[in-house]
>>> print(open('upload35.json').read())   # JSON, C-alpha atoms
[["chain", "number", "residue", "atom", "x", "y", "z"],
["A", 419, "MET", "CA", 0.00, 0.00, 0.00],
["A", 420, "GLY", "CA", 1.38, 3.42, -0.96],
["A", 421, "SER", "CA", 1.81, 6.32, 1.38],
["A", 422, "GLU", "CA", -1.25, 8.52, 1.96],
["A", 423, "THR", "CA", -1.45, 12.17, 3.00],
["A", 424, "VAL", "CA", -2.98, 12.67, 6.48],
["A", 425, "ALA", "CA", -2.25, 16.39, 7.02],
["A", 426, "GLU", "CA", -1.13, 19.26, 4.80],
["A", 427, "PHE", "CA", -0.63, 22.98, 5.33],
["A", 428, "THR", "CA", 1.61, 25.89, 4.36],
["A", 429, "GLY", "CA", 4.19, 26.68, 7.01],
["A", 430, "GLY", "CA", 7.88, 26.93, 7.71],
["A", 431, "LEU", "CA", 10.78, 24.61, 8.53],
["A", 432, "LEU", "CA", 14.03, 25.29, 10.33],
["A", 433, "ALA", "CA", 16.26, 22.21, 10.34],
["A", 434, "ASP", "CA", 19.78, 21.34, 11.44],
["A", 435, "ASP", "CA", 20.48, 20.19, 7.89],
["A", 436, "PHE", "CA", 19.78, 23.68, 6.52],
["A", 437, "ASP", "CA", 22.71, 26.08, 6.29],
["A", 438, "ARG", "CA", 20.63, 29.07, 7.39],
["A", 439, "MET", "CA", 19.17, 30.69, 10.51],
["A", 440, "GLU", "CA", 15.78, 31.64, 9.06],
["A", 441, "PRO", "CA", 12.89, 29.20, 8.46],
["A", 442, "VAL", "CA", 12.20, 28.04, 4.92],
["A", 443, "GLU", "CA", 8.58, 28.44, 3.89],
["A", 444, "GLY", "CA", 6.84, 25.70, 1.97],
["A", 445, "LYS", "CA", 4.17, 23.02, 1.93],
["A", 446, "ILE", "CA", 4.24, 20.76, 5.00],
["A", 447, "GLN", "CA", 2.85, 17.35, 4.09],
["A", 448, "LEU", "CA", 2.42, 14.55, 6.64],
["A", 449, "GLU", "CA", 2.04, 11.12, 5.07],
["A", 450, "THR", "CA", 1.55, 7.74, 6.68],
["A", 451, "ASP", "CA", 5.26, 6.97, 6.59],
["A", 452, "ARG", "CA", 7.07, 10.29, 6.21],
["A", 453, "LEU", "CA", 7.04, 14.05, 6.60],
["A", 454, "ILE", "CA", 7.69, 16.05, 3.45],
["A", 455, "VAL", "CA", 8.48, 19.75, 3.16],
["A", 456, "VAL", "CA", 8.36, 21.12, -0.37],
["A", 457, "THR", "CA", 9.98, 24.53, -0.91],
["A", 458, "GLY", "CA", 10.70, 26.46, -4.07],
["A", 459, "GLN", "CA", 14.18, 24.99, -4.18],
["A", 460, "GLU", "CA", 13.98, 21.45, -2.84],
["A", 461, "THR", "CA", 12.04, 18.66, -1.15],
["A", 462, "TYR", "CA", 13.04, 17.74, 2.41],
["A", 463, "THR", "CA", 11.91, 14.36, 3.80],
["A", 464, "ILE", "CA", 11.90, 12.93, 7.35],
["A", 465, "PRO", "CA", 10.86, 9.25, 7.60],
["A", 466, "LEU", "CA", 8.45, 8.88, 10.54],
["A", 467, "ASP", "CA", 10.24, 5.80, 11.83],
["A", 468, "THR", "CA", 13.26, 8.04, 12.57],
["A", 469, "VAL", "CA", 11.30, 10.50, 14.78],
["A", 470, "ILE", "CA", 12.21, 9.95, 18.44],
["A", 471, "ASN", "CA", 10.89, 13.03, 20.25],
["A", 472, "THR", "CA", 8.61, 16.02, 19.79],
["A", 473, "THR", "CA", 9.61, 18.30, 22.68],
["A", 474, "VAL", "CA", 13.31, 18.89, 22.12],
["A", 475, "GLY", "CA", 14.98, 22.16, 23.04],
["A", 476, "SER", "CA", 13.47, 25.60, 22.78],
["A", 477, "VAL", "CA", 11.89, 27.21, 19.76],
["A", 478, "THR", "CA", 14.12, 29.78, 18.11],
["A", 479, "GLU", "CA", 13.24, 33.47, 18.04],
["A", 480, "ALA", "CA", 13.02, 33.32, 14.24],
["A", 481, "ILE", "CA", 10.22, 30.74, 14.43],
["A", 482, "GLU", "CA", 8.42, 32.57, 17.27],
["A", 483, "GLN", "CA", 8.38, 35.81, 15.29],
["A", 484, "ALA", "CA", 7.31, 34.24, 11.99],
["A", 485, "PHE", "CA", 4.56, 31.84, 13.13],
["A", 486, "GLU", "CA", 1.72, 31.61, 15.66],
["A", 487, "ASP", "CA", 2.73, 28.15, 16.86],
["A", 488, "SER", "CA", 5.34, 25.48, 16.26],
["A", 489, "ILE", "CA", 6.45, 21.94, 17.04],
["A", 490, "ALA", "CA", 10.02, 20.66, 17.43],
["A", 491, "LEU", "CA", 10.99, 17.18, 16.24],
["A", 492, "ALA", "CA", 14.10, 15.14, 17.03],
["A", 493, "TYR", "CA", 14.98, 12.43, 14.51],
["A", 494, "LYS", "CA", 17.87, 10.19, 13.54],
["A", 495, "ARG", "CA", 19.83, 10.70, 10.31],
["A", 496, "GLU", "CA", 23.07, 8.97, 9.36],
["A", 497, "GLY", "CA", 23.77, 7.88, 12.91],
["A", 498, "SER", "CA", 23.29, 11.26, 14.58],
["A", 499, "GLN", "CA", 20.36, 13.13, 16.12],
["A", 500, "LYS", "CA", 18.93, 16.04, 14.16],
["A", 501, "ARG", "CA", 16.31, 18.65, 15.01],
["A", 502, "ALA", "CA", 13.62, 20.26, 12.88],
["A", 503, "ILE", "CA", 11.15, 22.96, 13.94],
["A", 504, "ILE", "CA", 7.91, 23.33, 12.02],
["A", 505, "GLY", "CA", 5.90, 26.55, 12.25],
["A", 506, "GLY", "CA", 2.38, 27.46, 11.22],
["A", 507, "THR", "CA", -0.95, 28.73, 12.46],
["A", 508, "THR", "CA", -2.16, 27.51, 15.86],
["A", 509, "GLU", "CA", -4.94, 25.50, 14.22],
["A", 510, "ALA", "CA", -2.62, 23.92, 11.64],
["A", 511, "ILE", "CA", 0.01, 22.94, 14.20],
["A", 512, "ALA", "CA", -2.62, 21.50, 16.59],
["A", 513, "THR", "CA", -4.03, 19.33, 13.80],
["A", 514, "PHE", "CA", -0.57, 18.34, 12.59],
["A", 515, "ARG", "CA", 0.62, 17.44, 16.11],
["A", 516, "THR", "CA", -2.40, 15.22, 16.81],
["A", 517, "ARG", "CA", -2.22, 13.43, 13.47],
["A", 518, "LEU", "CA", 1.53, 12.94, 13.85],
["A", 519, "PHE", "CA", 1.00, 11.08, 17.13],
["A", 520, "LYS", "CA", -1.90, 9.08, 15.68],
["A", 521, "THR", "CA", 0.15, 8.12, 12.64],
["A", 522, "ILE", "CA", 3.32, 7.09, 14.49],
["A", 523, "ILE", "CA", 1.67, 5.29, 17.43],
["A", 524, "GLY", "CA", -1.44, 4.07, 15.63],
["A", 525, "THR", "CA", -2.93, 0.85, 16.98],
["A", 526, "GLN", "CA", -0.64, -1.62, 18.69],
["A", 527, "PRO", "CA", -0.40, -4.18, 21.53],
["A", 528, "ALA", "CA", 0.06, -2.92, 25.08],
["A", 529, "LEU", "CA", 0.45, -4.37, 28.54],
["A", 530, "VAL", "CA", -1.95, -2.64, 30.90],
["A", 531, "LYS", "CA", -3.02, -2.58, 34.55],
["A", 532, "HIS", "CA", -6.30, -0.69, 34.91],
["A", 533, "PRO", "CA", -7.12, 0.55, 37.37],
["A", 534, "ALA", "CA", -3.72, 0.08, 38.98],
["A", 535, "LYS", "CA", -4.79, 2.62, 41.60],
["A", 536, "ARG", "CA", -8.17, 3.94, 42.64],
["A", 537, "GLY", "CA", -8.22, 7.11, 44.72],
["A", 538, "GLY", "CA", -4.46, 6.80, 45.20],
["A", 539, "ARG", "CA", -4.64, 3.26, 46.59],
["A", 540, "LEU", "CA", -3.14, 0.27, 44.82],
["A", 541, "THR", "CA", -5.61, -2.33, 43.57],
["A", 542, "ASP", "CA", -5.15, -6.05, 42.98],
["A", 543, "THR", "CA", -5.87, -5.69, 39.24],
["A", 544, "SER", "CA", -3.76, -8.06, 37.17],
["A", 545, "MET", "CA", -1.83, -7.20, 34.03],
["A", 546, "SER", "CA", -3.76, -7.59, 30.76],
["A", 547, "LYS", "CA", -2.77, -7.69, 27.12],
["A", 548, "MET", "CA", -4.76, -5.05, 25.27],
["A", 549, "ARG", "CA", -4.88, -3.19, 21.97],
["A", 550, "LEU", "CA", -4.06, 0.49, 22.31],
["A", 551, "LYS", "CA", -5.40, 3.03, 19.83],
["A", 552, "VAL", "CA", -4.68, 6.77, 19.77],
["A", 553, "GLY", "CA", -7.63, 8.97, 18.82],
["A", 554, "ASP", "CA", -7.97, 12.73, 18.38],
["A", 555, "ASP", "CA", -8.34, 13.40, 22.10],
["A", 556, "ALA", "CA", -8.22, 10.03, 23.83],
["A", 557, "VAL", "CA", -6.37, 6.76, 24.23],
["A", 558, "LYS", "CA", -8.55, 3.66, 23.92],
["A", 559, "LEU", "CA", -7.57, 0.32, 25.46],
["A", 560, "SER", "CA", -9.47, -2.80, 24.35],
["A", 561, "ASP", "CA", -9.26, -6.34, 25.68],
["A", 562, "GLY", "CA", -11.60, -7.65, 22.99],
["A", 563, "GLU", "CA", -14.68, -7.47, 25.20],
["A", 564, "SER", "CA", -14.64, -3.98, 26.69],
["A", 565, "VAL", "CA", -12.93, -0.66, 25.99],
["A", 566, "THR", "CA", -11.29, 1.65, 28.54],
["A", 567, "THR", "CA", -11.00, 5.26, 27.39],
["A", 568, "ILE", "CA", -8.48, 7.73, 28.80],
["A", 569, "ASP", "CA", -9.64, 11.19, 27.77],
["A", 570, "VAL", "CA", -6.58, 13.45, 27.57],
["A", 571, "GLY", "CA", -8.75, 16.28, 28.90],
["A", 572, "GLU", "CA", -9.12, 14.34, 32.16],
["A", 573, "VAL", "CA", -5.43, 13.54, 32.64],
["A", 574, "ILE", "CA", -3.99, 15.19, 35.75],
["A", 575, "GLY", "CA", -0.52, 13.64, 35.76],
["A", 576, "VAL", "CA", 1.86, 11.32, 33.91],
["A", 577, "ASP", "CA", 4.90, 9.68, 35.53],
["A", 578, "HIS", "CA", 7.63, 7.60, 33.91],
["A", 579, "GLU", "CA", 8.39, 4.54, 36.00],
["A", 580, "HIS", "CA", 9.72, 0.99, 35.70],
["A", 581, "ARG", "CA", 7.22, -1.74, 36.62],
["A", 582, "GLU", "CA", 7.07, -5.50, 36.64],
["A", 583, "PHE", "CA", 4.99, -6.85, 33.76],
["A", 584, "GLY", "CA", 5.04, -10.62, 33.74],
["A", 585, "ASP", "CA", 8.64, -11.70, 34.30],
["A", 586, "SER", "CA", 10.32, -8.50, 33.11],
["A", 587, "ARG", "CA", 10.75, -4.95, 34.36],
["A", 588, "ARG", "CA", 9.72, -2.46, 31.70],
["A", 589, "PRO", "CA", 9.51, 1.33, 31.16],
["A", 590, "THR", "CA", 5.96, 2.23, 32.19],
["A", 591, "LEU", "CA", 3.63, 5.19, 32.08],
["A", 592, "ALA", "CA", 1.58, 5.82, 35.22],
["A", 593, "VAL", "CA", -1.34, 7.93, 33.99],
["A", 594, "ASP", "CA", -3.56, 9.66, 36.56],
["A", 595, "HIS", "CA", -6.95, 10.61, 35.17],
["A", 596, "THR", "CA", -10.38, 11.56, 36.39],
["A", 597, "SER", "CA", -13.90, 11.01, 35.22],
["A", 598, "GLU", "CA", -16.92, 10.75, 37.49],
["A", 599, "GLY", "CA", -15.60, 9.44, 40.77],
["A", 600, "PRO", "CA", -12.14, 9.02, 42.33],
["A", 601, "THR", "CA", -8.89, 9.49, 40.45],
["A", 602, "MET", "CA", -7.80, 6.40, 38.52],
["A", 603, "THR", "CA", -4.21, 5.45, 37.73],
["A", 604, "THR", "CA", -3.44, 3.29, 34.72],
["A", 605, "PHE", "CA", -0.08, 1.56, 34.23],
["A", 606, "LEU", "CA", 0.78, 0.80, 30.62],
["A", 607, "THR", "CA", 3.76, -0.10, 28.49],
["A", 608, "LEU", "CA", 4.38, -0.61, 24.77],
["A", 609, "PRO", "CA", 6.82, -2.87, 22.89],
["A", 610, "GLU", "CA", 9.05, 0.08, 21.87],
["A", 611, "LYS", "CA", 10.35, 2.75, 24.25],
["A", 612, "ARG", "CA", 10.34, 5.35, 21.44],
["A", 613, "GLU", "CA", 6.61, 4.99, 20.95],
["A", 614, "LEU", "CA", 6.00, 4.98, 24.72],
["A", 615, "THR", "CA", 7.82, 8.33, 24.91],
["A", 616, "LEU", "CA", 5.69, 9.76, 22.10],
["A", 617, "LEU", "CA", 2.53, 8.39, 23.72],
["A", 618, "SER", "CA", 3.49, 10.18, 26.94],
["A", 619, "GLN", "CA", 3.89, 13.44, 25.04],
["A", 620, "PHE", "CA", 0.49, 13.00, 23.37],
["A", 621, "ILE", "CA", -1.22, 12.29, 26.70],
["A", 622, "GLN", "CA", 0.44, 15.28, 28.37],
["A", 623, "LEU", "CA", -0.48, 17.83, 25.68],
["A", 624, "ASN", "CA", -3.70, 18.92, 27.32],
["A", 625, "TYR", "CA", -2.36, 18.45, 30.86],
["A", 626, "THR", "CA", 0.54, 20.80, 30.19],
["A", 627, "GLN", "CA", -1.80, 23.45, 28.82],
["A", 628, "VAL", "CA", -4.14, 23.09, 31.82],
["A", 629, "ALA", "CA", -1.22, 23.18, 34.29],
["A", 630, "ASP", "CA", 0.11, 26.37, 32.68],
["A", 631, "ASP", "CA", -3.35, 27.93, 32.82],
["A", 632, "VAL", "CA", -3.95, 26.90, 36.43],
["A", 633, "SER", "CA", -0.53, 28.17, 37.52],
["A", 634, "GLU", "CA", -1.62, 31.67, 36.50],
["A", 635, "LEU", "CA", -4.62, 31.63, 38.85],
["A", 636, "ASP", "CA", -4.22, 33.77, 41.95],
["A", 637, "LEU", "CA", -6.04, 31.58, 44.46],
["A", 638, "SER", "CA", -6.70, 32.89, 47.95],
["A", 639, "THR", "CA", -5.89, 30.89, 51.07],
["A", 640, "MET", "CA", -9.59, 30.11, 51.56],
["A", 641, "GLU", "CA", -9.98, 28.92, 47.96],
["A", 642, "THR", "CA", -6.90, 26.72, 48.21],
["A", 643, "GLN", "CA", -8.08, 25.25, 51.52],
["A", 644, "ALA", "CA", -11.46, 24.41, 49.99],
["A", 645, "LEU", "CA", -9.82, 22.60, 47.06],
["A", 646, "VAL", "CA", -7.45, 20.66, 49.35],
["A", 647, "ALA", "CA", -10.36, 19.69, 51.63],
["A", 648, "LEU", "CA", -12.35, 18.46, 48.64],
["A", 649, "TYR", "CA", -9.33, 16.55, 47.32],
["A", 650, "SER", "CA", -8.79, 14.95, 50.75],
["A", 651, "ALA", "CA", -12.44, 13.90, 50.81],
["A", 652, "GLY", "CA", -11.94, 11.93, 47.62],
["A", 653, "GLY", "CA", -12.98, 14.64, 45.17],
["A", 654, "ASN", "CA", -16.65, 14.65, 46.10],
["A", 655, "ALA", "CA", -18.28, 15.93, 49.31],
["A", 656, "PRO", "CA", -21.34, 17.78, 50.68],
["A", 657, "LEU", "CA", -21.18, 21.55, 50.27],
["A", 658, "GLU", "CA", -21.33, 22.24, 54.01],
["A", 659, "MET", "CA", -18.22, 20.11, 54.59],
["A", 660, "ILE", "CA", -16.11, 22.14, 52.18],
["A", 661, "LEU", "CA", -17.36, 25.73, 52.24],
["A", 662, "THR", "CA", -16.57, 27.89, 55.27],
["A", 663, "GLY", "CA", -17.57, 31.38, 56.42],
["A", 664, "ASP", "CA", -20.98, 33.06, 56.42],
["A", 665, "ASP", "CA", -23.52, 32.68, 53.60],
["A", 666, "SER", "CA", -22.15, 35.54, 51.51],
["A", 667, "GLN", "CA", -18.57, 34.29, 51.87],
["A", 668, "GLN", "CA", -19.64, 30.78, 50.90],
["A", 669, "ALA", "CA", -21.54, 32.06, 47.85],
["A", 670, "GLU", "CA", -18.56, 34.16, 46.74],
["A", 671, "LEU", "CA", -16.14, 31.29, 47.28],
["A", 672, "LEU", "CA", -18.31, 28.84, 45.33],
["A", 673, "GLU", "CA", -18.80, 31.33, 42.48],
["A", 674, "THR", "CA", -15.04, 31.89, 42.16],
["A", 675, "LEU", "CA", -14.24, 28.16, 42.14],
["A", 676, "GLU", "CA", -16.97, 27.44, 39.60],
["A", 677, "ASN", "CA", -15.97, 30.34, 37.34],
["A", 678, "ASN", "CA", -12.41, 29.05, 37.29],
["A", 679, "ARG", "CA", -13.79, 25.57, 36.43],
["A", 680, "LEU", "CA", -12.11, 24.06, 39.48],
["A", 681, "VAL", "CA", -15.28, 22.55, 40.95],
["A", 682, "MET", "CA", -18.78, 21.69, 39.83],
["A", 683, "ARG", "CA", -22.03, 21.21, 41.75],
["A", 684, "ASP", "CA", -23.86, 17.91, 41.77],
["A", 685, "GLY", "CA", -27.03, 18.58, 43.71],
["A", 686, "GLU", "CA", -25.99, 19.33, 47.30],
["A", 687, "GLU", "CA", -22.49, 18.01, 46.72],
["A", 688, "LEU", "CA", -19.35, 19.60, 45.35],
["A", 689, "GLN", "CA", -17.13, 17.74, 42.88],
["A", 690, "LEU", "CA", -13.51, 18.49, 42.03],
["A", 691, "THR", "CA", -12.92, 18.84, 38.27],
["A", 692, "SER", "CA", -9.76, 17.69, 36.50],
["A", 693, "ARG", "CA", -8.61, 21.33, 36.52],
["A", 694, "GLY", "CA", -9.22, 21.39, 40.25],
["A", 695, "GLU", "CA", -7.17, 18.23, 40.70],
["A", 696, "VAL", "CA", -4.31, 19.85, 38.76],
["A", 697, "ALA", "CA", -4.57, 22.98, 40.94],
["A", 698, "VAL", "CA", -4.33, 20.87, 44.11],
["A", 699, "THR", "CA", -1.41, 18.76, 42.92],
["A", 700, "GLU", "CA", 0.44, 21.88, 41.75],
["A", 701, "GLN", "CA", -0.16, 23.45, 45.17],
["A", 702, "ILE", "CA", 1.06, 20.34, 47.01],
["A", 703, "GLU", "CA", 4.19, 20.18, 44.83],
["A", 704, "SER", "CA", 4.98, 23.86, 45.47],
["A", 705, "VAL", "CA", 4.67, 23.33, 49.23],
["A", 706, "ASN", "CA", 6.96, 20.29, 49.12],
["A", 707, "GLN", "CA", 9.66, 22.08, 47.13]]
>>> encode(input="upload35.json", output="structure tokens")
Amino acid sequence: MGSETVAEFTGGLLADDFDRMEPVEGKIQLETDRLIVVTGQETYTIPLDTVINTTVGSVTEAIEQAFEDSIALAYKREGSQKRAIIGGTTEAIATFRTRLFKTIIGTQPALVKHPAKRGGRLTDTSMSKMRLKVGDDAVKLSDGESVTTIDVGEVIGVDHEHREFGDSRRPTLAVDHTSEGPTMTTFLTLPEKRELTLLSQFIQLNYTQVADDVSELDLSTMETQALVALYSAGGNAPLEMILTGDDSQQAELLETLENNRLVMRDGEELQLTSRGEVAVTEQIESVNQ
């Protein structure tokens, strides 16, 4: 089967192989097996099986000034590591980034423990062989009978660990994610470490954006205490257990937390959102530093 185009846009490329400091403009074409950049002078190709990373180094000032958004790729060529930075509109780069991950990782076998933790506590779930598939905004894990979906919008943390799977110790992703109920942790590993690294970067895309957004919030002591209390209660608790102060203070506190999408009401109970979980974990990390 020949290569097919999965994404295409007009943008810019700045690569180690180019003898220049300014990006070259051209047509960026992502195919099922390679990335092609066509300029007025030449065609530049990066086979996808040589891509090893998508978050290498910092974006140059030339790219930042010329384009709304960009993505950096590390790849292997002739025994050495090279870097290429692709620039374009925010929409084009977002689409390109997602389709790049989907194309490289695709559907493949995985070893999975789900849930490995529930509410922070280890479970006795055994390891399972599953099929992993990367979608536009989720990772789906199927055992042939049921499907577990990890929505990247609900991911609140990703750790790189080494875990025992069967009779071997393997690089493992520990993915913390929320839905309705307590935080779940999923352990998973893939046959190739390169693809596990790229999967981690795909899963963390939304989390990184949320963490950056949450870090800019100027939460008061009372707001932080309410979030920590809700987190300690398992992420869901009656309003009167979490909100303090008189009626007007409680109303103001609840309005602020809801407006910042940190909590949501469920009848007479308060529920911590994934953004709220990120805010709490960021707060705990800052205190421990």
>>> closest_residue(input="upload35.json", among="A:Val456, A:Ile504, A:Ile574, A:Ile464", to="Val628 in chain A", atoms="all atoms listed in the file")
A:Ile574
>>> residues_around(input="upload35.json", residues="Ser544 in chain A", least_positions_apart="5", cutoff="9 Å", atoms="only C-alpha atoms", output="PyMOL selection string")
chain A and resi 530-532+534
>>> atom_distance(input="upload35.json", atom1="CA of Arg588 in chain A", atom2="CA of Gln526 in chain A")
16.7 Å
>>> atom_distance(input="upload35.json", atom1="CA of Asp585 in chain A", atom2="CA of Thr543 in chain A")
16.5 Å
>>> atom_distance(input="upload35.json", atom1="CA of Val455 in chain A", atom2="CA of Thr507 in chain A")
16.0 Å
>>> residues_around(input="upload35.json", residues="Asp561 in chain A", least_positions_apart="6", cutoff="8 Å", atoms="only C-alpha atoms", output="PyMOL selection string")
chain A and resi 546-549
>>> residues_near_point(input="upload35.json", point="(12.7, 25.3, 11.7)", cutoff="6 Å", atoms="only C-alpha atoms", output="PyMOL selection string")
chain A and resi 431-433+441+502-504
>>> write_last_selection(input="upload35.json", atoms="C-alpha atoms", output="tab-separated table (two decimals), in the coordinates of the input")
chain	number	residue	atom	x	y	z
A	431	LEU	CA	10.78	24.61	8.53
A	432	LEU	CA	14.03	25.29	10.33
A	433	ALA	CA	16.26	22.21	10.34
A	441	PRO	CA	12.89	29.20	8.46
A	502	ALA	CA	13.62	20.26	12.88
A	503	ILE	CA	11.15	22.96	13.94
A	504	ILE	CA	7.91	23.33	12.02
>>> closest_atom_pairs(input="upload35.json", of="range 572-683 of chain A", to="range 510-517 of chain A", cutoff="12 Å", atoms="only C-alpha atoms", output="Markdown table")
| residue | atom | partner | partner_atom | distance |
| --- | --- | --- | --- | --- |
| A:Leu616 | CA | A:Arg515 | CA | 11.0 |
| A:Leu617 | CA | A:Thr516 | CA | 10.9 |
| A:Gln619 | CA | A:Arg515 | CA | 10.3 |
| A:Phe620 | CA | A:Thr516 | CA | 7.5 |
| A:Ile621 | CA | A:Thr516 | CA | 10.4 |
| A:Gln622 | CA | A:Thr516 | CA | 11.9 |
| A:Leu623 | CA | A:Thr516 | CA | 9.4 |
| A:Asn624 | CA | A:Ala512 | CA | 11.1 |
>>> decode(input="upload35.json", residues="range 522-601 of chain A", atoms="C-alpha atoms", output="CSV table (one decimal), in the first residue's frame")
chain,number,residue,atom,x,y,z
A,522,ILE,CA,3.3,7.1,14.5
A,523,ILE,CA,1.7,5.3,17.4
A,524,GLY,CA,-1.4,4.1,15.6
A,525,THR,CA,-2.9,0.9,17.0
A,526,GLN,CA,-0.6,-1.6,18.7
A,527,PRO,CA,-0.4,-4.2,21.5
A,528,ALA,CA,0.1,-2.9,25.1
A,529,LEU,CA,0.5,-4.4,28.5
A,530,VAL,CA,-2.0,-2.6,30.9
A,531,LYS,CA,-3.0,-2.6,34.6
A,532,HIS,CA,-6.3,-0.7,34.9
A,533,PRO,CA,-7.1,0.6,37.4
A,534,ALA,CA,-3.7,0.1,39.0
A,535,LYS,CA,-4.8,2.6,41.6
A,536,ARG,CA,-8.2,3.9,42.6
A,537,GLY,CA,-8.2,7.1,44.7
A,538,GLY,CA,-4.5,6.8,45.2
A,539,ARG,CA,-4.6,3.3,46.6
A,540,LEU,CA,-3.1,0.3,44.8
A,541,THR,CA,-5.6,-2.3,43.6
A,542,ASP,CA,-5.1,-6.0,43.0
A,543,THR,CA,-5.9,-5.7,39.2
A,544,SER,CA,-3.8,-8.1,37.2
A,545,MET,CA,-1.8,-7.2,34.0
A,546,SER,CA,-3.8,-7.6,30.8
A,547,LYS,CA,-2.8,-7.7,27.1
A,548,MET,CA,-4.8,-5.0,25.3
A,549,ARG,CA,-4.9,-3.2,22.0
A,550,LEU,CA,-4.1,0.5,22.3
A,551,LYS,CA,-5.4,3.0,19.8
A,552,VAL,CA,-4.7,6.8,19.8
A,553,GLY,CA,-7.6,9.0,18.8
A,554,ASP,CA,-8.0,12.7,18.4
A,555,ASP,CA,-8.3,13.4,22.1
A,556,ALA,CA,-8.2,10.0,23.8
A,557,VAL,CA,-6.4,6.8,24.2
A,558,LYS,CA,-8.5,3.7,23.9
A,559,LEU,CA,-7.6,0.3,25.5
A,560,SER,CA,-9.5,-2.8,24.4
A,561,ASP,CA,-9.3,-6.3,25.7
A,562,GLY,CA,-11.6,-7.7,23.0
A,563,GLU,CA,-14.7,-7.5,25.2
A,564,SER,CA,-14.6,-4.0,26.7
A,565,VAL,CA,-12.9,-0.7,26.0
A,566,THR,CA,-11.3,1.6,28.5
A,567,THR,CA,-11.0,5.3,27.4
A,568,ILE,CA,-8.5,7.7,28.8
A,569,ASP,CA,-9.6,11.2,27.8
A,570,VAL,CA,-6.6,13.5,27.6
A,571,GLY,CA,-8.8,16.3,28.9
A,572,GLU,CA,-9.1,14.3,32.2
A,573,VAL,CA,-5.4,13.5,32.6
A,574,ILE,CA,-4.0,15.2,35.8
A,575,GLY,CA,-0.5,13.6,35.8
A,576,VAL,CA,1.9,11.3,33.9
A,577,ASP,CA,4.9,9.7,35.5
A,578,HIS,CA,7.6,7.6,33.9
A,579,GLU,CA,8.4,4.5,36.0
A,580,HIS,CA,9.7,1.0,35.7
A,581,ARG,CA,7.2,-1.7,36.6
A,582,GLU,CA,7.1,-5.5,36.6
A,583,PHE,CA,5.0,-6.8,33.8
A,584,GLY,CA,5.0,-10.6,33.7
A,585,ASP,CA,8.6,-11.7,34.3
A,586,SER,CA,10.3,-8.5,33.1
A,587,ARG,CA,10.8,-5.0,34.4
A,588,ARG,CA,9.7,-2.5,31.7
A,589,PRO,CA,9.5,1.3,31.2
A,590,THR,CA,6.0,2.2,32.2
A,591,LEU,CA,3.6,5.2,32.1
A,592,ALA,CA,1.6,5.8,35.2
A,593,VAL,CA,-1.3,7.9,34.0
A,594,ASP,CA,-3.6,9.7,36.6
A,595,HIS,CA,-6.9,10.6,35.2
A,596,THR,CA,-10.4,11.6,36.4
A,597,SER,CA,-13.9,11.0,35.2
A,598,GLU,CA,-16.9,10.8,37.5
A,599,GLY,CA,-15.6,9.4,40.8
A,600,PRO,CA,-12.1,9.0,42.3
A,601,THR,CA,-8.9,9.5,40.5
